[in-house]
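Source file structure_29.pdb; content: PDB, C-alpha atoms, pLDDT in the B column.
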ATOM      1  CA  MET A   1     -21.825 -19.606  36.171  1.00 95.00           C
ATOM      2  CA  LYS A   2     -19.251 -17.097  34.950  1.00 97.00           C
ATOM      3  CA  THR A   3     -20.030 -14.256  32.592  1.00 97.00           C
ATOM      4  CA  ILE A   4     -18.224 -12.993  29.514  1.00 97.00           C
ATOM      5  CA  LEU A   5     -19.331  -9.423  28.929  1.00 96.00           C
ATOM      6  CA  VAL A   6     -19.451  -8.392  25.258  1.00 93.00           C
ATOM      7  CA  CYS A   7     -19.848  -4.707  24.419  1.00 89.00           C
ATOM      8  CA  CYS A   8     -19.972  -3.139  20.987  1.00 74.00           C
ATOM      9  CA  GLY A   9     -19.394   0.507  20.346  1.00 61.00           C
ATOM     10  CA  SER A  10     -21.303   1.212  17.200  1.00 52.00           C
ATOM     11  CA  GLY A  11     -24.735  -0.223  17.817  1.00 49.00           C
ATOM     12  CA  VAL A  12     -24.670  -2.291  14.657  1.00 53.00           C
ATOM     13  CA  ALA A  13     -25.343  -5.146  17.003  1.00 64.00           C
ATOM     14  CA  THR A  14     -21.915  -6.582  16.605  1.00 78.00           C
ATOM     15  CA  SER A  15     -22.022  -7.568  20.266  1.00 83.00           C
ATOM     16  CA  PRO A  16     -24.874 -10.119  19.993  1.00 83.00           C
ATOM     17  CA  GLN A  17     -23.111 -11.534  16.963  1.00 85.00           C
ATOM     18  CA  VAL A  18     -19.817 -11.889  18.857  1.00 91.00           C
ATOM     19  CA  ALA A  19     -21.588 -13.248  21.953  1.00 92.00           C
ATOM     20  CA  ASN A  20     -23.327 -15.915  19.849  1.00 91.00           C
ATOM     21  CA  LYS A  21     -20.012 -16.978  18.345  1.00 93.00           C
ATOM     22  CA  ILE A  22     -18.376 -17.234  21.772  1.00 96.00           C
ATOM     23  CA  ASN A  23     -21.304 -19.221  23.171  1.00 97.00           C
ATOM     24  CA  ASP A  24     -21.257 -21.590  20.193  1.00 96.00           C
ATOM     25  CA  ASN A  25     -17.622 -22.336  20.842  1.00 97.00           C
ATOM     26  CA  LEU A  26     -18.171 -22.783  24.591  1.00 97.00           C
ATOM     27  CA  SER A  27     -20.903 -25.318  23.946  1.00 97.00           C
ATOM     28  CA  ASN A  28     -18.750 -27.145  21.380  1.00 96.00           C
ATOM     29  CA  LYS A  29     -16.053 -27.455  24.010  1.00 96.00           C
ATOM     30  CA  GLY A  30     -18.523 -28.507  26.704  1.00 96.00           C
ATOM     31  CA  LEU A  31     -17.892 -25.336  28.665  1.00 96.00           C
ATOM     32  CA  ASP A  32     -21.379 -23.864  28.320  1.00 95.00           C
ATOM     33  CA  GLY A  33     -22.210 -24.955  31.870  1.00 95.00           C
ATOM     34  CA  LYS A  34     -19.330 -22.866  33.197  1.00 96.00           C
ATOM     35  CA  ALA A  35     -19.612 -19.565  31.369  1.00 97.00           C
ATOM     36  CA  LYS A  36     -21.910 -17.609  29.091  1.00 97.00           C
ATOM     37  CA  ALA A  37     -21.313 -14.553  26.912  1.00 96.00           C
ATOM     38  CA  ILE A  38     -23.794 -11.705  27.272  1.00 93.00           C
ATOM     39  CA  PRO A  39     -24.037  -8.614  25.020  1.00 90.00           C
ATOM     40  CA  LYS A  40     -24.483  -5.212  26.626  1.00 87.00           C
ATOM     41  CA  PRO A  41     -24.195  -1.610  25.405  1.00 82.00           C
ATOM     42  CA  ILE A  42     -20.751  -0.096  25.888  1.00 83.00           C
ATOM     43  CA  GLU A  43     -22.119   2.739  28.036  1.00 82.00           C
ATOM     44  CA  THR A  44     -22.945   0.227  30.750  1.00 87.00           C
ATOM     45  CA  ALA A  45     -19.597  -1.621  30.643  1.00 91.00           C
ATOM     46  CA  LYS A  46     -17.970   0.071  33.604  1.00 93.00           C
ATOM     47  CA  SER A  47     -20.885  -0.212  36.003  1.00 94.00           C
ATOM     48  CA  THR A  48     -21.649  -3.777  34.904  1.00 94.00           C
ATOM     49  CA  VAL A  49     -18.078  -4.900  35.561  1.00 96.00           C
ATOM     50  CA  GLU A  50     -18.102  -3.155  38.941  1.00 96.00           C
ATOM     51  CA  ASN A  51     -21.405  -4.646  40.035  1.00 95.00           C
ATOM     52  CA  ASP A  52     -21.356  -8.141  38.608  1.00 96.00           C
ATOM     53  CA  PRO A  53     -18.692 -10.345  40.226  1.00 96.00           C
ATOM     54  CA  SER A  54     -19.448 -13.236  37.857  1.00 97.00           C
ATOM     55  CA  ILE A  55     -17.723 -11.392  34.979  1.00 97.00           C
ATOM     56  CA  ILE A  56     -14.326 -12.881  34.148  1.00 97.00           C
ATOM     57  CA  ILE A  57     -13.755 -11.626  30.591  1.00 97.00           C
ATOM     58  CA  TYR A  58     -14.586  -8.362  28.846  1.00 96.00           C
ATOM     59  CA  VAL A  59     -14.817  -8.408  25.047  1.00 95.00           C
ATOM     60  CA  GLY A  60     -14.971  -4.936  23.531  1.00 90.00           C
ATOM     61  CA  ILE A  61     -15.177  -4.015  19.889  1.00 82.00           C
ATOM     62  CA  ALA A  62     -12.679  -1.248  20.637  1.00 78.00           C
ATOM     63  CA  PRO A  63      -9.752  -1.761  23.003  1.00 79.00           C
ATOM     64  CA  ALA A  64     -10.655  -0.667  26.531  1.00 84.00           C
ATOM     65  CA  ASP A  65      -9.786   2.950  27.363  1.00 87.00           C
ATOM     66  CA  ALA A  66      -7.641   3.783  30.393  1.00 91.00           C
ATOM     67  CA  GLU A  67     -10.586   4.258  32.720  1.00 92.00           C
ATOM     68  CA  LEU A  68     -12.249   0.998  31.763  1.00 92.00           C
ATOM     69  CA  GLN A  69      -8.929  -0.850  31.867  1.00 94.00           C
ATOM     70  CA  GLU A  70      -8.494   0.301  35.452  1.00 95.00           C
ATOM     71  CA  VAL A  71     -11.919  -1.088  36.374  1.00 96.00           C
ATOM     72  CA  LEU A  72     -11.071  -4.360  34.605  1.00 96.00           C
ATOM     73  CA  ASP A  73      -7.763  -4.669  36.456  1.00 96.00           C
ATOM     74  CA  LYS A  74      -9.329  -3.895  39.796  1.00 96.00           C
ATOM     75  CA  ASN A  75     -12.000  -6.533  39.295  1.00 96.00           C
ATOM     76  CA  ASP A  76      -9.604  -9.090  37.854  1.00 96.00           C
ATOM     77  CA  VAL A  77     -11.380  -9.169  34.476  1.00 97.00           C
ATOM     78  CA  PHE A  78      -9.437 -10.119  31.336  1.00 96.00           C
ATOM     79  CA  GLY A  79      -9.982  -7.591  28.545  1.00 94.00           C
ATOM     80  CA  THR A  80      -9.822  -8.443  24.847  1.00 93.00           C
ATOM     81  CA  VAL A  81     -11.233  -7.251  21.490  1.00 90.00           C
ATOM     82  CA  GLY A  82     -14.054  -8.835  19.486  1.00 91.00           C
ATOM     83  CA  LEU A  83     -12.778  -8.370  15.920  1.00 90.00           C
ATOM     84  CA  PRO A  84     -11.552 -11.982  15.488  1.00 93.00           C
ATOM     85  CA  TRP A  85     -15.118 -13.259  15.939  1.00 93.00           C
ATOM     86  CA  LEU A  86     -16.400 -10.854  13.301  1.00 89.00           C
ATOM     87  CA  THR A  87     -13.821 -11.398  10.602  1.00 90.00           C
ATOM     88  CA  GLY A  88     -12.709 -14.922  11.441  1.00 90.00           C
ATOM     89  CA  MET A  89      -9.074 -13.789  11.488  1.00 91.00           C
ATOM     90  CA  GLY A  90      -7.448 -15.023  14.686  1.00 93.00           C
ATOM     91  CA  GLU A  91     -10.731 -16.555  15.840  1.00 94.00           C
ATOM     92  CA  GLU A  92      -9.180 -19.839  16.896  1.00 95.00           C
ATOM     93  CA  GLU A  93      -6.583 -18.138  19.082  1.00 96.00           C
ATOM     94  CA  ALA A  94      -9.227 -15.875  20.570  1.00 97.00           C
ATOM     95  CA  ASN A  95     -11.398 -18.892  21.403  1.00 97.00           C
ATOM     96  CA  GLN A  96      -8.444 -20.688  22.952  1.00 97.00           C
ATOM     97  CA  LYS A  97      -7.713 -17.715  25.183  1.00 97.00           C
ATOM     98  CA  VAL A  98     -11.345 -17.620  26.336  1.00 97.00           C
ATOM     99  CA  GLU A  99     -11.342 -21.361  27.040  1.00 97.00           C
ATOM    100  CA  GLU A 100      -8.114 -21.060  28.974  1.00 97.00           C
ATOM    101  CA  ILE A 101      -9.560 -18.384  31.239  1.00 96.00           C
ATOM    102  CA  VAL A 102     -12.900 -20.137  31.686  1.00 96.00           C
ATOM    103  CA  ASN A 103     -11.060 -23.327  32.621  1.00 95.00           C
ATOM    104  CA  LYS A 104      -9.277 -21.553  35.451  1.00 93.00           C
ATOM    105  CA  TYR A 105     -12.559 -21.171  37.299  1.00 88.00           C
TER     106      TYR A 105
ATOM    107  CA  MET B   1     -36.818  -9.744   7.103  1.00 73.00           C
ATOM    108  CA  LEU B   2     -34.606 -11.887   4.893  1.00 78.00           C
ATOM    109  CA  THR B   3     -31.253 -10.277   4.194  1.00 82.00           C
ATOM    110  CA  SER B   4     -31.642 -11.054   0.497  1.00 83.00           C
ATOM    111  CA  LYS B   5     -34.824  -8.932   0.368  1.00 86.00           C
ATOM    112  CA  MET B   6     -32.792  -5.879   1.352  1.00 91.00           C
ATOM    113  CA  PHE B   7     -30.890  -5.886  -1.929  1.00 94.00           C
ATOM    114  CA  CYS B   8     -32.186  -4.026  -4.958  1.00 95.00           C
ATOM    115  CA  GLU B   9     -30.662  -3.677  -8.401  1.00 96.00           C
ATOM    116  CA  ASP B  10     -31.070   0.111  -8.255  1.00 96.00           C
ATOM    117  CA  LEU B  11     -29.053   0.156  -5.043  1.00 97.00           C
ATOM    118  CA  ILE B  12     -25.962  -1.418  -6.559  1.00 98.00           C
ATOM    119  CA  ASP B  13     -23.238   0.605  -8.249  1.00 98.00           C
ATOM    120  CA  LEU B  14     -19.953  -1.033  -9.139  1.00 98.00           C
ATOM    121  CA  SER B  15     -18.102   1.871 -10.752  1.00 97.00           C
ATOM    122  CA  ILE B  16     -18.445   4.816  -8.412  1.00 98.00           C
ATOM    123  CA  ASP B  17     -16.094   7.625  -9.337  1.00 98.00           C
ATOM    124  CA  VAL B  18     -15.256   9.390  -6.075  1.00 97.00           C
ATOM    125  CA  ASN B  19     -12.053  10.486  -4.368  1.00 97.00           C
ATOM    126  CA  ASP B  20     -12.851   9.938  -0.708  1.00 96.00           C
ATOM    127  CA  GLU B  21     -15.384   8.565   1.746  1.00 95.00           C
ATOM    128  CA  GLN B  22     -17.072  11.948   2.089  1.00 95.00           C
ATOM    129  CA  GLU B  23     -17.862  12.081  -1.626  1.00 97.00           C
ATOM    130  CA  LEU B  24     -19.018   8.494  -1.476  1.00 98.00           C
ATOM    131  CA  PHE B  25     -21.430   9.281   1.370  1.00 97.00           C
ATOM    132  CA  ASP B  26     -22.870  12.193  -0.633  1.00 97.00           C
ATOM    133  CA  PHE B  27     -23.295   9.950  -3.637  1.00 97.00           C
ATOM    134  CA  VAL B  28     -24.924   7.049  -1.790  1.00 98.00           C
ATOM    135  CA  GLY B  29     -27.002   9.444   0.307  1.00 97.00           C
ATOM    136  CA  MET B  30     -28.422  11.047  -2.801  1.00 97.00           C
ATOM    137  CA  ILE B  31     -29.330   7.737  -4.455  1.00 97.00           C
ATOM    138  CA  THR B  32     -30.901   6.193  -1.365  1.00 97.00           C
ATOM    139  CA  TYR B  33     -32.861   9.376  -0.655  1.00 97.00           C
ATOM    140  CA  LYS B  34     -34.175   9.564  -4.221  1.00 96.00           C
ATOM    141  CA  LYS B  35     -35.097   5.916  -4.057  1.00 96.00           C
ATOM    142  CA  GLY B  36     -37.047   6.622  -0.868  1.00 97.00           C
ATOM    143  CA  VAL B  37     -35.146   4.253   1.422  1.00 97.00           C
ATOM    144  CA  SER B  38     -33.205   6.819   3.460  1.00 97.00           C
ATOM    145  CA  ARG B  39     -34.363  10.013   5.135  1.00 96.00           C
ATOM    146  CA  LEU B  40     -33.105  13.568   5.322  1.00 94.00           C
ATOM    147  CA  GLY B  41     -30.079  13.676   7.591  1.00 95.00           C
ATOM    148  CA  TYR B  42     -28.797  10.304   6.423  1.00 95.00           C
ATOM    149  CA  ILE B  43     -25.629  11.737   4.873  1.00 96.00           C
ATOM    150  CA  SER B  44     -24.540  13.859   7.823  1.00 95.00           C
ATOM    151  CA  SER B  45     -25.389  11.009  10.156  1.00 93.00           C
ATOM    152  CA  LEU B  46     -23.172   8.658   8.111  1.00 94.00           C
ATOM    153  CA  GLU B  47     -20.278  11.092   8.397  1.00 94.00           C
ATOM    154  CA  LYS B  48     -20.652  11.491  12.144  1.00 92.00           C
ATOM    155  CA  ARG B  49     -21.138   7.823  12.798  1.00 88.00           C
ATOM    156  CA  GLU B  50     -18.259   6.648  10.647  1.00 90.00           C
ATOM    157  CA  SER B  51     -15.804   9.077  12.213  1.00 90.00           C
ATOM    158  CA  ALA B  52     -16.838   8.119  15.768  1.00 84.00           C
ATOM    159  CA  TYR B  53     -17.327   4.406  15.103  1.00 84.00           C
ATOM    160  CA  PRO B  54     -15.567   3.298  11.922  1.00 90.00           C
ATOM    161  CA  THR B  55     -16.846   0.129  10.273  1.00 90.00           C
ATOM    162  CA  GLY B  56     -13.911  -1.184   8.246  1.00 94.00           C
ATOM    163  CA  LEU B  57     -13.423  -4.930   8.537  1.00 93.00           C
ATOM    164  CA  GLN B  58     -10.499  -6.902   7.203  1.00 94.00           C
ATOM    165  CA  PHE B  59     -11.439 -10.434   6.195  1.00 94.00           C
ATOM    166  CA  PRO B  60      -8.865 -12.991   5.036  1.00 92.00           C
ATOM    167  CA  MET B  61      -9.695 -12.371   1.355  1.00 95.00           C
ATOM    168  CA  ILE B  62     -11.297  -8.930   1.279  1.00 97.00           C
ATOM    169  CA  THR B  63     -11.511  -5.649   3.172  1.00 97.00           C
ATOM    170  CA  LEU B  64     -14.770  -3.771   3.282  1.00 96.00           C
ATOM    171  CA  ALA B  65     -16.639  -1.071   5.144  1.00 96.00           C
ATOM    172  CA  LEU B  66     -20.195  -1.382   6.419  1.00 93.00           C
ATOM    173  CA  PRO B  67     -21.324   2.202   7.031  1.00 93.00           C
ATOM    174  CA  HIS B  68     -24.625   2.468   8.874  1.00 88.00           C
ATOM    175  CA  VAL B  69     -26.630   4.939  10.903  1.00 88.00           C
ATOM    176  CA  ASP B  70     -29.362   5.152  13.480  1.00 84.00           C
ATOM    177  CA  SER B  71     -32.580   3.569  12.191  1.00 87.00           C
ATOM    178  CA  LYS B  72     -34.439   6.873  12.340  1.00 91.00           C
ATOM    179  CA  TYR B  73     -32.653   7.899   9.147  1.00 94.00           C
ATOM    180  CA  VAL B  74     -33.770   4.709   7.419  1.00 94.00           C
ATOM    181  CA  ASN B  75     -37.121   4.724   5.697  1.00 95.00           C
ATOM    182  CA  LYS B  76     -37.106   1.168   4.382  1.00 94.00           C
ATOM    183  CA  PRO B  77     -34.556  -1.560   5.131  1.00 93.00           C
ATOM    184  CA  PHE B  78     -31.876  -1.690   2.451  1.00 95.00           C
ATOM    185  CA  ILE B  79     -28.329  -2.677   1.642  1.00 95.00           C
ATOM    186  CA  PHE B  80     -26.520  -0.471  -0.871  1.00 97.00           C
ATOM    187  CA  VAL B  81     -23.631  -2.295  -2.526  1.00 98.00           C
ATOM    188  CA  GLY B  82     -20.914  -0.001  -3.809  1.00 98.00           C
ATOM    189  CA  LYS B  83     -17.581  -0.521  -5.523  1.00 98.00           C
ATOM    190  CA  THR B  84     -15.449   2.560  -6.055  1.00 98.00           C
ATOM    191  CA  LYS B  85     -13.069   2.957  -8.982  1.00 97.00           C
ATOM    192  CA  LYS B  86     -10.310   4.094  -6.663  1.00 97.00           C
ATOM    193  CA  ASN B  87      -9.248   2.543  -3.386  1.00 97.00           C
ATOM    194  CA  LEU B  88     -10.506   4.752  -0.549  1.00 98.00           C
ATOM    195  CA  LYS B  89      -9.015   5.213   2.889  1.00 97.00           C
ATOM    196  CA  ILE B  90     -11.188   3.784   5.638  1.00 97.00           C
ATOM    197  CA  LYS B  91     -10.645   2.946   9.292  1.00 95.00           C
ATOM    198  CA  GLN B  92     -10.960  -0.382  11.036  1.00 93.00           C
ATOM    199  CA  MET B  93     -13.818  -1.011  13.408  1.00 89.00           C
ATOM    200  CA  GLY B  94     -12.616  -0.909  16.986  1.00 83.00           C
ATOM    201  CA  ASP B  95      -9.074   0.400  16.773  1.00 85.00           C
ATOM    202  CA  SER B  96      -9.368   2.874  13.851  1.00 89.00           C
ATOM    203  CA  LYS B  97      -6.368   1.342  12.092  1.00 93.00           C
ATOM    204  CA  ASP B  98      -5.951   2.714   8.541  1.00 97.00           C
ATOM    205  CA  LEU B  99      -7.260   0.393   5.864  1.00 97.00           C
ATOM    206  CA  LYS B 100      -7.992   0.753   2.162  1.00 97.00           C
ATOM    207  CA  THR B 101     -10.825  -0.697   0.153  1.00 98.00           C
ATOM    208  CA  ASN B 102     -13.106  -0.150  -2.783  1.00 97.00           C
ATOM    209  CA  TYR B 103     -15.938  -2.301  -1.453  1.00 98.00           C
ATOM    210  CA  PHE B 104     -18.724  -0.809   0.632  1.00 98.00           C
ATOM    211  CA  LEU B 105     -21.951  -2.226   1.980  1.00 96.00           C
ATOM    212  CA  PHE B 106     -24.211   0.481   3.352  1.00 96.00           C
ATOM    213  CA  LEU B 107     -26.544  -1.174   5.836  1.00 92.00           C
ATOM    214  CA  GLY B 108     -29.931   0.466   6.160  1.00 92.00           C
ATOM    215  CA  ILE B 109     -31.216  -1.239   9.261  1.00 86.00           C
ATOM    216  CA  LYS B 110     -34.756  -0.482  10.335  1.00 84.00           C
ATOM    217  CA  ASN B 111     -35.487  -3.166  12.880  1.00 77.00           C
ATOM    218  CA  GLY B 112     -32.803  -3.676  15.514  1.00 69.00           C
ATOM    219  CA  LYS B 113     -33.936  -7.241  16.119  1.00 70.00           C
ATOM    220  CA  ASP B 114     -32.883  -8.204  12.606  1.00 71.00           C
ATOM    221  CA  GLN B 115     -29.382  -6.851  13.054  1.00 70.00           C
ATOM    222  CA  PRO B 116     -27.558  -9.813  14.572  1.00 70.00           C
ATOM    223  CA  LYS B 117     -28.988 -12.160  11.961  1.00 77.00           C
ATOM    224  CA  LEU B 118     -28.162  -9.800   9.115  1.00 80.00           C
ATOM    225  CA  LEU B 119     -24.663  -9.268  10.374  1.00 80.00           C
ATOM    226  CA  ALA B 120     -24.137 -12.977  10.996  1.00 82.00           C
ATOM    227  CA  ASN B 121     -25.187 -13.759   7.418  1.00 86.00           C
ATOM    228  CA  LEU B 122     -22.856 -11.143   5.962  1.00 90.00           C
ATOM    229  CA  MET B 123     -19.914 -12.116   8.185  1.00 89.00           C
ATOM    230  CA  GLN B 124     -20.342 -15.743   7.269  1.00 89.00           C
ATOM    231  CA  SER B 125     -20.399 -14.924   3.565  1.00 94.00           C
ATOM    232  CA  PHE B 126     -17.364 -12.640   3.590  1.00 95.00           C
ATOM    233  CA  GLN B 127     -15.328 -15.169   5.560  1.00 93.00           C
ATOM    234  CA  ASN B 128     -16.023 -17.715   2.859  1.00 94.00           C
ATOM    235  CA  GLU B 129     -13.280 -17.896   0.251  1.00 95.00           C
ATOM    236  CA  ASN B 130     -15.511 -19.104  -2.591  1.00 96.00           C
ATOM    237  CA  PHE B 131     -18.106 -16.434  -1.916  1.00 96.00           C
ATOM    238  CA  VAL B 132     -15.506 -13.656  -1.990  1.00 97.00           C
ATOM    239  CA  LYS B 133     -13.865 -15.018  -5.157  1.00 97.00           C
ATOM    240  CA  GLU B 134     -17.217 -14.839  -6.928  1.00 97.00           C
ATOM    241  CA  PHE B 135     -18.285 -11.566  -5.307  1.00 97.00           C
ATOM    242  CA  VAL B 136     -15.290  -9.662  -6.693  1.00 97.00           C
ATOM    243  CA  LYS B 137     -15.881 -11.140 -10.177  1.00 97.00           C
ATOM    244  CA  GLN B 138     -19.379  -9.679 -10.552  1.00 96.00           C
ATOM    245  CA  ASP B 139     -19.103  -6.600 -12.723  1.00 92.00           C
ATOM    246  CA  SER B 140     -22.650  -5.637 -13.604  1.00 96.00           C
ATOM    247  CA  LYS B 141     -25.522  -4.549 -11.354  1.00 95.00           C
ATOM    248  CA  CYS B 142     -27.687  -7.289 -12.695  1.00 96.00           C
ATOM    249  CA  GLU B 143     -25.147 -10.079 -12.110  1.00 96.00           C
ATOM    250  CA  MET B 144     -24.244  -8.760  -8.695  1.00 97.00           C
ATOM    251  CA  TYR B 145     -27.885  -8.611  -7.680  1.00 96.00           C
ATOM    252  CA  SER B 146     -28.580 -12.210  -8.740  1.00 96.00           C
ATOM    253  CA  PHE B 147     -25.387 -13.372  -7.097  1.00 96.00           C
ATOM    254  CA  LEU B 148     -26.180 -11.740  -3.742  1.00 95.00           C
ATOM    255  CA  VAL B 149     -29.790 -12.862  -3.671  1.00 93.00           C
ATOM    256  CA  LYS B 150     -28.712 -16.406  -4.465  1.00 93.00           C
ATOM    257  CA  ASN B 151     -25.856 -16.551  -1.988  1.00 91.00           C
ATOM    258  CA  ILE B 152     -26.905 -14.502   0.998  1.00 87.00           C
ATOM    259  CA  ILE B 153     -29.857 -15.892   2.869  1.00 74.00           C
TER     260      ILE B 153
END

Could you spell out this file's structure in structure tokens?
Amino acid sequence: MKTILVCCGSGVATSPQVANKINDNLSNKGLDGKAKAIPKPIETAKSTVENDPSIIIYVGIAPADAELQEVLDKNDVFGTVGLPWLTGMGEEEANQKVEEIVNKY
Amino acid sequence: MLTSKMFCEDLIDLSIDVNDEQELFDFVGMITYKKGVSRLGYISSLEKRESAYPTGLQFPMITLALPHVDSKYVNKPFIFVGKTKKNLKIKQMGDSKDLKTNYFLFLGIKNGKDQPKLLANLMQSFQNENFVKEFVKQDSKCEMYSFLVKNII
């Protein structure tokens, strides 16, 4: 089972909301057996990515900073932003990208 | 708690005369404090929070900001609905891109467990074209209150 790590910056609990949306789409596409989105606080993002090899995608509310991007690159994790799942703008494309990556594994 | 229970007619103002977000925070802070739903420190916490983590969101039909603070500054759960007379500069959640809006929903969240549900309900509503068309038409407190209670679960 692969993991999609979702981190929100503000603590308004945008990350559970985004994770739910991603999981809904995965189950609609029959991919829920392959990957699952999990919300975590942003402070833990770096160490989680470093320590959990099941993570294949990182969804941040803000774009990853240089330090985090380096960790993502090193661990072969695809980084993206969560706004499309909040506002619905670009949500389809964002879902497609997630499916594409999940399907590689 | 049902999202609709967080609305209150006294916490809706659709003709706020302010020039920037700072003045708006002072205004909303004063009303919510007088009403007993926010606590001392709410205003300065709003300012800090919004500059570090902006909350502007651009939906297909509407742009709005959802300023919120740590629950310790919230006395009772509330949502303050504000429309400013002028368009104010705000920043987008995540990348701080400049946006403009005159619609603000101040989220007074007390119980973290309710947050995802609350947010999901609001996101769903503001993505809905018919909801937004009606939302922007409401021009009195009373109408806006009935509209929100009827349309947001």

Smallest atom-to-atom distance to Leu68 (chain A): which of A:Gln96, A:Thr3, A:Thr48, A:Gln17, using all atoms listed in the file?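 Under the stated criterion, the closest residue is A:Thr48.
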
Using the file's own x, y and z axes, what box holds all listed atoms of region 73-87 of chain A with 6 Å on each side, keeping edges along x, y and z, and what are its centre and edge lengths in Å to one decimal, as lines of an AutoDock Vina configuration file?
center_x = -12.1
center_y = -8.6
center_z = 25.2
size_x = 20.6
size_y = 21.4
size_z = 41.2

Please determine, counting only C-alpha atoms, which residue among A:Ile42, A:Ile61, A:Ile22, A:Ala66 has the shortest atom-to-atom distance to Glu91 (chain A). A:Ile22

Quick one: of B:Cys8, B:Ile31, B:Leu57, B:Leu66, who's nearest to Gly94 (chain B), counting all atoms listed in the file? B:Leu57

Which residues of chain A have any atom within 10 Å of an atom in chain B when counting all atoms listed in the file, and what is the closest pair of atoms for each, with the distance in Å to one decimal? Order the rows by chain and rising number and write it as JSON lines.
{"residue": "A:Cys8", "atom": "CA", "partner": "B:Gly94", "partner_atom": "CA", "distance": 8.7}
{"residue": "A:Gly9", "atom": "CA", "partner": "B:Tyr53", "partner_atom": "CA", "distance": 6.9}
{"residue": "A:Ser10", "atom": "CA", "partner": "B:Tyr53", "partner_atom": "CA", "distance": 5.5}
{"residue": "A:Gly11", "atom": "CA", "partner": "B:Asp70", "partner_atom": "CA", "distance": 8.3}
{"residue": "A:Val12", "atom": "CA", "partner": "B:Gln115", "partner_atom": "CA", "distance": 6.8}
{"residue": "A:Ala13", "atom": "CA", "partner": "B:Pro116", "partner_atom": "CA", "distance": 5.7}
{"residue": "A:Thr14", "atom": "CA", "partner": "B:Pro116", "partner_atom": "CA", "distance": 6.8}
{"residue": "A:Ser15", "atom": "CA", "partner": "B:Pro116", "partner_atom": "CA", "distance": 8.3}
{"residue": "A:Pro16", "atom": "CA", "partner": "B:Pro116", "partner_atom": "CA", "distance": 6.1}
{"residue": "A:Gln17", "atom": "CA", "partner": "B:Pro116", "partner_atom": "CA", "distance": 5.3}
{"residue": "A:Val18", "atom": "CA", "partner": "B:Ala120", "partner_atom": "CA", "distance": 9.0}
{"residue": "A:Asn20", "atom": "CA", "partner": "B:Pro116", "partner_atom": "CA", "distance": 9.1}
{"residue": "A:Lys21", "atom": "CA", "partner": "B:Ala120", "partner_atom": "CA", "distance": 9.3}
{"residue": "A:Gly60", "atom": "CA", "partner": "B:Gly94", "partner_atom": "CA", "distance": 8.0}
{"residue": "A:Ile61", "atom": "CA", "partner": "B:Gly94", "partner_atom": "CA", "distance": 5.0}
{"residue": "A:Ala62", "atom": "CA", "partner": "B:Gly94", "partner_atom": "CA", "distance": 3.7}
{"residue": "A:Pro63", "atom": "CA", "partner": "B:Asp95", "partner_atom": "CA", "distance": 6.6}
{"residue": "A:Ala64", "atom": "CA", "partner": "B:Gly94", "partner_atom": "CA", "distance": 9.7}
{"residue": "A:Val81", "atom": "CA", "partner": "B:Gly94", "partner_atom": "CA", "distance": 7.9}
{"residue": "A:Gly82", "atom": "CA", "partner": "B:Gly94", "partner_atom": "CA", "distance": 8.4}
{"residue": "A:Leu83", "atom": "CA", "partner": "B:Gly94", "partner_atom": "CA", "distance": 7.5}
{"residue": "A:Pro84", "atom": "CA", "partner": "B:Phe59", "partner_atom": "CA", "distance": 9.4}
{"residue": "A:Trp85", "atom": "CA", "partner": "B:Met123", "partner_atom": "CA", "distance": 9.2}
{"residue": "A:Leu86", "atom": "CA", "partner": "B:Met123", "partner_atom": "CA", "distance": 6.3}
{"residue": "A:Thr87", "atom": "CA", "partner": "B:Phe59", "partner_atom": "CA", "distance": 5.1}
{"residue": "A:Gly88", "atom": "CA", "partner": "B:Gln127", "partner_atom": "CA", "distance": 6.4}
{"residue": "A:Met89", "atom": "CA", "partner": "B:Pro60", "partner_atom": "CA", "distance": 6.5}
{"residue": "A:Gly90", "atom": "CA", "partner": "B:Pro60", "partner_atom": "CA", "distance": 10.0}

Given the selection you just returned, output its residues as a file containing C-alpha atoms, formatted as a compact mmCIF listing (two decimals), in the coordinates of the input.
# COMPACT_ATOMS: atom_id res chain seq x y z
CA CYS A 8 -19.97 -3.14 20.99
CA GLY A 9 -19.39 0.51 20.35
CA SER A 10 -21.30 1.21 17.20
CA GLY A 11 -24.74 -0.22 17.82
CA VAL A 12 -24.67 -2.29 14.66
CA ALA A 13 -25.34 -5.15 17.00
CA THR A 14 -21.92 -6.58 16.60
CA SER A 15 -22.02 -7.57 20.27
CA PRO A 16 -24.87 -10.12 19.99
CA GLN A 17 -23.11 -11.53 16.96
CA VAL A 18 -19.82 -11.89 18.86
CA ASN A 20 -23.33 -15.92 19.85
CA LYS A 21 -20.01 -16.98 18.34
CA GLY A 60 -14.97 -4.94 23.53
CA ILE A 61 -15.18 -4.01 19.89
CA ALA A 62 -12.68 -1.25 20.64
CA PRO A 63 -9.75 -1.76 23.00
CA ALA A 64 -10.66 -0.67 26.53
CA VAL A 81 -11.23 -7.25 21.49
CA GLY A 82 -14.05 -8.84 19.49
CA LEU A 83 -12.78 -8.37 15.92
CA PRO A 84 -11.55 -11.98 15.49
CA TRP A 85 -15.12 -13.26 15.94
CA LEU A 86 -16.40 -10.85 13.30
CA THR A 87 -13.82 -11.40 10.60
CA GLY A 88 -12.71 -14.92 11.44
CA MET A 89 -9.07 -13.79 11.49
CA GLY A 90 -7.45 -15.02 14.69

Correct to one decimal, the distance CA of Lys150 (chain B)-CA of Thr84 (chain B) is 23.2 Å

So how many Å separate CA of Ile153 (chain B) and CA of Lys141 (chain B), to one decimal? 18.7 Å

Restricting the calculation to only C-alpha atoms: of B:Glu143, B:Leu40, B:Ala65, B:Tyr33, which residue gets closest to Asp98 (chain B)?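 Using only C-alpha atoms, the shortest distance to Asp98 (chain B) belongs to B:Ala65.
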
State, in Å with one decimal place, the distance from CA of Asn102 (chain B) to CA of Asn75 (chain B). 25.9 Å

Polymer residues at most 7 Å from Ile79 (chain B), only C-alpha atoms, same-chain spacing of 3 or more positions, as number ranges by chain: B: 6-7, 105-108
